[in-house]
>>> print(open('input.pdb').read())   # PDB, C-alpha atoms, pLDDT in the B column
MODEL        1
ATOM      1  CA  PHE A   1      45.677  83.717 170.894  1.00 47.00           C
ATOM      2  CA  PRO A   2      44.958  84.371 167.239  1.00 53.00           C
ATOM      3  CA  SER A   3      48.058  83.353 165.344  1.00 50.00           C
ATOM      4  CA  HIS A   4      48.920  84.785 161.937  1.00 79.00           C
ATOM      5  CA  ASP A   5      51.877  82.589 161.047  1.00 91.00           C
ATOM      6  CA  THR A   6      53.059  79.221 162.311  1.00 92.00           C
ATOM      7  CA  THR A   7      55.800  76.825 161.311  1.00 93.00           C
ATOM      8  CA  ALA A   8      56.882  73.366 162.402  1.00 95.00           C
ATOM      9  CA  LEU A   9      59.954  71.236 161.823  1.00 91.00           C
ATOM     10  CA  GLY A  10      61.038  67.751 162.634  1.00 93.00           C
ATOM     11  CA  GLY A  11      63.736  65.334 161.705  1.00 91.00           C
ATOM     12  CA  TYR A  12      65.366  62.024 162.502  1.00 89.00           C
ATOM     13  CA  ILE A  13      68.685  60.721 161.215  1.00 80.00           C
ATOM     14  CA  LEU A  14      70.947  58.018 162.660  1.00 79.00           C
ATOM     15  CA  GLY A  15      69.386  58.266 166.122  1.00 78.00           C
ATOM     16  CA  ASP A  16      69.388  62.080 166.327  1.00 81.00           C
ATOM     17  CA  VAL A  17      65.951  63.667 166.749  1.00 85.00           C
ATOM     18  CA  VAL A  18      64.880  67.300 166.441  1.00 86.00           C
ATOM     19  CA  ALA A  19      61.401  68.831 166.652  1.00 92.00           C
ATOM     20  CA  GLY A  20      60.330  72.447 166.782  1.00 94.00           C
ATOM     21  CA  PHE A  21      57.687  75.032 166.110  1.00 95.00           C
ATOM     22  CA  GLY A  22      57.313  78.780 165.894  1.00 95.00           C
ATOM     23  CA  TRP A  23      54.615  81.394 165.627  1.00 93.00           C
ATOM     24  CA  ALA A  24      54.128  85.081 164.962  1.00 94.00           C
ATOM     25  CA  GLY A  25      50.875  86.849 165.690  1.00 94.00           C
ATOM     26  CA  SER A  26      49.402  89.636 167.731  1.00 93.00           C
ATOM     27  CA  ILE A  27      47.513  90.288 170.921  1.00 92.00           C
ATOM     28  CA  ARG A  28      45.609  93.549 170.537  1.00 90.00           C
ATOM     29  CA  GLU A  29      48.163  96.095 169.236  1.00 91.00           C
ATOM     30  CA  SER A  30      51.243  94.094 170.298  1.00 95.00           C
ATOM     31  CA  GLY A  31      53.162  91.546 168.298  1.00 95.00           C
ATOM     32  CA  PHE A  32      53.541  88.155 169.994  1.00 95.00           C
ATOM     33  CA  LYS A  33      56.035  85.610 168.686  1.00 95.00           C
ATOM     34  CA  GLY A  34      58.132  82.702 169.746  1.00 95.00           C
ATOM     35  CA  GLU A  35      59.879  79.548 168.766  1.00 95.00           C
ATOM     36  CA  ALA A  36      60.963  76.334 170.434  1.00 94.00           C
ATOM     37  CA  ARG A  37      63.216  73.444 169.498  1.00 90.00           C
ATOM     38  CA  TRP A  38      63.828  70.158 171.273  1.00 87.00           C
ATOM     39  CA  SER A  39      66.733  67.957 170.276  1.00 82.00           C
ATOM     40  CA  SER A  40      68.240  64.673 171.339  1.00 80.00           C
ATOM     41  CA  SER A  41      71.580  63.486 170.033  1.00 70.00           C
ATOM     42  CA  GLY A  42      74.176  60.952 170.981  1.00 59.00           C
ATOM     43  CA  ASP A  43      77.230  63.026 170.014  1.00 58.00           C
ATOM     44  CA  VAL A  44      77.346  66.464 171.609  1.00 54.00           C
ATOM     45  CA  VAL A  45      73.875  67.368 172.863  1.00 54.00           C
ATOM     46  CA  GLU A  46      72.207  64.821 175.129  1.00 59.00           C
ATOM     47  CA  GLN A  47      68.806  66.476 174.947  1.00 68.00           C
ATOM     48  CA  GLY A  48      67.271  69.804 175.627  1.00 78.00           C
ATOM     49  CA  LEU A  49      64.694  72.456 174.969  1.00 85.00           C
ATOM     50  CA  VAL A  50      65.657  75.816 173.507  1.00 87.00           C
ATOM     51  CA  PHE A  51      62.961  78.488 173.248  1.00 92.00           C
ATOM     52  CA  SER A  52      62.260  82.193 173.042  1.00 94.00           C
ATOM     53  CA  VAL A  53      59.058  84.143 173.510  1.00 97.00           C
ATOM     54  CA  GLY A  54      58.653  87.858 172.950  1.00 97.00           C
ATOM     55  CA  MET A  55      56.347  90.805 172.483  1.00 97.00           C
ATOM     56  CA  ASP A  56      56.802  94.088 170.640  1.00 97.00           C
ATOM     57  CA  ARG A  57      54.757  97.221 170.165  1.00 97.00           C
ATOM     58  CA  THR A  58      55.068 100.378 168.103  1.00 95.00           C
ATOM     59  CA  PHE A  59      54.085 103.685 169.683  1.00 93.00           C
ATOM     60  CA  GLU A  60      53.659 107.077 168.079  1.00 88.00           C
ATOM     61  CA  PRO A  61      55.707 108.885 166.924  1.00 89.00           C
ATOM     62  CA  GLY A  62      58.173 106.202 165.800  1.00 92.00           C
ATOM     63  CA  TRP A  63      58.943 104.316 169.022  1.00 96.00           C
ATOM     64  CA  LEU A  64      59.379 100.524 169.040  1.00 96.00           C
ATOM     65  CA  VAL A  65      59.626  98.612 172.324  1.00 97.00           C
ATOM     66  CA  ALA A  66      60.359  94.880 172.337  1.00 97.00           C
ATOM     67  CA  THR A  67      60.914  92.343 175.114  1.00 97.00           C
ATOM     68  CA  GLU A  68      62.007  88.741 174.901  1.00 96.00           C
ATOM     69  CA  PHE A  69      62.819  85.824 177.172  1.00 96.00           C
ATOM     70  CA  LEU A  70      65.348  83.254 175.970  1.00 91.00           C
ATOM     71  CA  HIS A  71      66.010  79.799 177.428  1.00 90.00           C
ATOM     72  CA  ASN A  72      68.799  77.396 176.428  1.00 84.00           C
ATOM     73  CA  GLY A  73      68.067  74.101 178.169  1.00 81.00           C
ATOM     74  CA  GLU A  74      70.380  71.834 176.219  1.00 68.00           C
ATOM     75  CA  ALA A  75      72.562  69.499 178.261  1.00 51.00           C
ATOM     76  CA  TYR A  76      76.032  69.122 176.742  1.00 49.00           C
ATOM     77  CA  ARG A  77      78.414  66.215 176.911  1.00 46.00           C
ATOM     78  CA  LYS A  78      81.907  67.026 178.159  1.00 46.00           C
ATOM     79  CA  GLU A  79      83.684  66.299 174.860  1.00 51.00           C
ATOM     80  CA  GLY A  80      82.116  69.185 172.968  1.00 52.00           C
ATOM     81  CA  VAL A  81      79.593  71.945 172.687  1.00 52.00           C
ATOM     82  CA  SER A  82      77.084  72.765 170.008  1.00 52.00           C
ATOM     83  CA  ALA A  83      77.199  75.813 167.753  1.00 49.00           C
ATOM     84  CA  LEU A  84      74.274  77.237 169.751  1.00 47.00           C
ATOM     85  CA  SER A  85      76.186  77.012 173.009  1.00 49.00           C
ATOM     86  CA  ALA A  86      79.185  78.764 171.475  1.00 50.00           C
ATOM     87  CA  SER A  87      77.058  81.649 170.166  1.00 53.00           C
ATOM     88  CA  TYR A  88      74.589  81.829 173.063  1.00 62.00           C
ATOM     89  CA  PRO A  89      76.183  80.510 176.252  1.00 67.00           C
ATOM     90  CA  TYR A  90      73.535  81.644 178.775  1.00 75.00           C
ATOM     91  CA  LYS A  91      70.854  79.325 180.134  1.00 83.00           C
ATOM     92  CA  ASN A  92      68.241  82.072 180.752  1.00 89.00           C
ATOM     93  CA  ALA A  93      68.218  85.688 179.659  1.00 91.00           C
ATOM     94  CA  GLY A  94      65.869  88.603 179.246  1.00 95.00           C
ATOM     95  CA  LEU A  95      66.145  91.205 176.490  1.00 95.00           C
ATOM     96  CA  VAL A  96      64.606  94.675 176.217  1.00 97.00           C
ATOM     97  CA  GLN A  97      64.991  96.803 173.098  1.00 97.00           C
ATOM     98  CA  VAL A  98      63.892 100.405 172.516  1.00 97.00           C
ATOM     99  CA  THR A  99      64.255 102.053 169.102  1.00 97.00           C
ATOM    100  CA  ARG A 100      63.225 105.524 167.902  1.00 97.00           C
ATOM    101  CA  GLN A 101      62.820 106.351 164.206  1.00 95.00           C
ATOM    102  CA  PHE A 102      63.225 110.151 164.087  1.00 94.00           C
ATOM    103  CA  ASN A 103      62.611 110.498 160.353  1.00 93.00           C
ATOM    104  CA  PRO A 104      63.191 108.361 157.259  1.00 90.00           C
ATOM    105  CA  VAL A 105      66.945 109.022 157.524  1.00 94.00           C
ATOM    106  CA  TRP A 106      67.855 108.726 161.251  1.00 95.00           C
ATOM    107  CA  SER A 107      67.091 106.169 163.948  1.00 96.00           C
ATOM    108  CA  MET A 108      68.605 105.371 167.340  1.00 97.00           C
ATOM    109  CA  GLY A 109      68.103 102.552 169.745  1.00 97.00           C
ATOM    110  CA  THR A 110      69.467 100.427 172.506  1.00 97.00           C
ATOM    111  CA  ALA A 111      69.052  96.869 173.656  1.00 96.00           C
ATOM    112  CA  ALA A 112      69.868  95.420 177.062  1.00 95.00           C
ATOM    113  CA  LEU A 113      70.355  91.735 177.821  1.00 93.00           C
ATOM    114  CA  VAL A 114      70.434  90.457 181.387  1.00 93.00           C
ATOM    115  CA  ALA A 115      71.452  86.865 182.076  1.00 89.00           C
ATOM    116  CA  GLU A 116      72.336  84.772 185.072  1.00 81.00           C
ATOM    117  CA  ASP A 117      75.754  84.898 186.721  1.00 74.00           C
ATOM    118  CA  GLU A 118      75.769  88.722 186.848  1.00 73.00           C
ATOM    119  CA  ILE A 119      75.890  89.224 183.082  1.00 85.00           C
ATOM    120  CA  PHE A 120      74.687  92.506 181.589  1.00 90.00           C
ATOM    121  CA  VAL A 121      75.060  93.530 177.940  1.00 92.00           C
ATOM    122  CA  LEU A 122      74.120  96.972 176.593  1.00 94.00           C
ATOM    123  CA  MET A 123      74.001  97.574 172.826  1.00 96.00           C
ATOM    124  CA  PRO A 124      73.304 101.168 171.692  1.00 96.00           C
ATOM    125  CA  SER A 125      73.093 101.951 167.979  1.00 97.00           C
ATOM    126  CA  VAL A 126      72.516 104.796 165.553  1.00 97.00           C
ATOM    127  CA  ALA A 127      71.597 104.359 161.885  1.00 97.00           C
ATOM    128  CA  CYS A 128      71.591 106.812 158.997  1.00 96.00           C
ATOM    129  CA  ALA A 129      70.288 106.313 155.462  1.00 95.00           C
ATOM    130  CA  ILE A 130      72.963 108.034 153.368  1.00 93.00           C
ATOM    131  CA  ALA A 131      71.333 107.407 149.975  1.00 90.00           C
ATOM    132  CA  ASP A 132      68.655 105.281 148.369  1.00 86.00           C
ATOM    133  CA  ASP A 133      69.394 101.683 149.385  1.00 90.00           C
ATOM    134  CA  TRP A 134      72.491 102.661 151.452  1.00 93.00           C
ATOM    135  CA  GLU A 135      72.700 102.763 155.262  1.00 95.00           C
ATOM    136  CA  VAL A 136      75.451 103.333 157.815  1.00 97.00           C
ATOM    137  CA  LEU A 137      75.044 101.771 161.274  1.00 96.00           C
ATOM    138  CA  LEU A 138      77.227 102.380 164.323  1.00 97.00           C
ATOM    139  CA  THR A 139      76.704  99.835 167.098  1.00 96.00           C
ATOM    140  CA  GLY A 140      78.353  99.598 170.475  1.00 95.00           C
ATOM    141  CA  ILE A 141      78.456  96.583 172.754  1.00 93.00           C
ATOM    142  CA  GLY A 142      79.230  97.002 176.433  1.00 93.00           C
ATOM    143  CA  ARG A 143      79.433  93.820 178.458  1.00 89.00           C
ATOM    144  CA  MET A 144      79.761  93.389 182.206  1.00 90.00           C
ATOM    145  CA  VAL A 145      80.420  89.903 183.557  1.00 85.00           C
ATOM    146  CA  LYS A 146      80.876  89.597 187.329  1.00 83.00           C
ATOM    147  CA  ARG A 147      81.903  93.276 187.605  1.00 82.00           C
ATOM    148  CA  GLU A 148      84.492  93.113 184.800  1.00 87.00           C
ATOM    149  CA  THR A 149      83.675  95.199 181.721  1.00 90.00           C
ATOM    150  CA  GLU A 150      84.633  95.205 178.076  1.00 92.00           C
ATOM    151  CA  SER A 151      83.313  97.156 175.110  1.00 93.00           C
ATOM    152  CA  SER A 152      83.449  97.165 171.311  1.00 94.00           C
ATOM    153  CA  PHE A 153      82.169  99.325 168.475  1.00 95.00           C
ATOM    154  CA  PHE A 154      81.180  98.217 164.980  1.00 95.00           C
ATOM    155  CA  LEU A 155      80.551 100.257 161.858  1.00 96.00           C
ATOM    156  CA  ARG A 156      78.459  98.728 159.081  1.00 95.00           C
ATOM    157  CA  LEU A 157      77.811  99.993 155.572  1.00 95.00           C
ATOM    158  CA  ARG A 158      74.818  98.240 154.016  1.00 94.00           C
ATOM    159  CA  TRP A 159      73.583  98.238 150.455  1.00 93.00           C
ATOM    160  CA  SER A 160      70.042  96.926 149.988  1.00 89.00           C
ATOM    161  CA  PHE A 161      69.076  95.784 146.542  1.00 83.00           C
ATOM    162  CA  SER A 162      65.982  94.361 144.936  1.00 70.00           C
ATOM    163  CA  ASN A 163      65.287  92.636 141.658  1.00 54.00           C
TER     164      ASN A 163
ENDMDL
END
>>> encode(input="input.pdb", output="structure tokens")
Amino acid sequence: FPSHDTTALGGYILGDVVAGFGWAGSIRESGFKGEARWSSSGDVVEQGLVFSVGMDRTFEPGWLVATEFLHNGEAYRKEGVSALSASYPYKNAGLVQVTRQFNPVWSMGTAALVAEDEIFVLMPSVACAIADDWEVLLTGIGRMVKRETESSFFLRLRWSFSN
């Protein structure tokens, strides 16, 4: 595939090794991107591969559809977990996001994440530009784990600035 942007990383310190790469490009009219990281450590993470791969496409008038697959293959020692495990505890998950920009002021969207062990997360949102460089975003998160549900709502006021 013709890639437009690539990056690589690597490191070794006191027996801990990490290596990774990422890319962002396109296949026809769709964006194609991904990243992967392999690590081996003696403290918390024995070894493992973490990666994501996704595609996105914009349709007229103002629709964006994105899909992504995420894999967390790190094996953890019993005495602790990594920051990644705490923030992303699922081994495999799929994500679908649909967003609609109605005009320069209003947009709405939703994202759905499905993971193993009967986990389903739905995240609807609505955004409004209230002034130049100011935006209000209302996001909901509904989570169902093994038939038990919980939900939250968040309101964000954002000021964007440039030099």
>>> resolve_selection(input="input.pdb", expression="the PyMOL selection byres ((chain A and resi 124-135) around 12)", output="PyMOL selection string")
chain A and resi 96-113+121-123+136-143+151-162
>>> atom_distance(input="input.pdb", atom1="atom CA of A:Asn92", atom2="atom CA of A:Thr58")
25.9 Å
>>> atom_distance(input="input.pdb", atom1="atom CA of A:Ser30", atom2="atom CA of A:Gly48")
29.6 Å
>>> axis_aligned_box(input="input.pdb", around="stretch 17-29 of chain A", padding_each_side="4 Å", output="lines of an AutoDock Vina configuration file")
center_x = 55.8
center_y = 79.9
center_z = 167.9
size_x = 28.3
size_y = 40.4
size_z = 14.0
>>> closest_residue(input="input.pdb", among="A:Trp38, A:Leu95, A:Met144, A:Phe59", to="A:Asn72", atoms="all atoms listed in the file")
A:Trp38
>>> residues_around(input="input.pdb", residues="stretch 3-7 of chain A", least_positions_apart="5", cutoff="7 Å", atoms="all atoms listed in the file", output="PDB file with C-alpha atoms, keeping the file's coordinate frame")
ATOM      1  CA  PHE A  21      57.687  75.032 166.110  1.00 95.00           C
ATOM      2  CA  GLY A  22      57.313  78.780 165.894  1.00 95.00           C
ATOM      3  CA  TRP A  23      54.615  81.394 165.627  1.00 93.00           C
ATOM      4  CA  ALA A  24      54.128  85.081 164.962  1.00 94.00           C
ATOM      5  CA  GLY A  25      50.875  86.849 165.690  1.00 94.00           C
ATOM      6  CA  SER A  26      49.402  89.636 167.731  1.00 93.00           C
TER       7      SER A  26
END
>>> atom_distance(input="input.pdb", atom1="atom CA of A:Arg37", atom2="atom CA of A:Met55")
18.9 Å
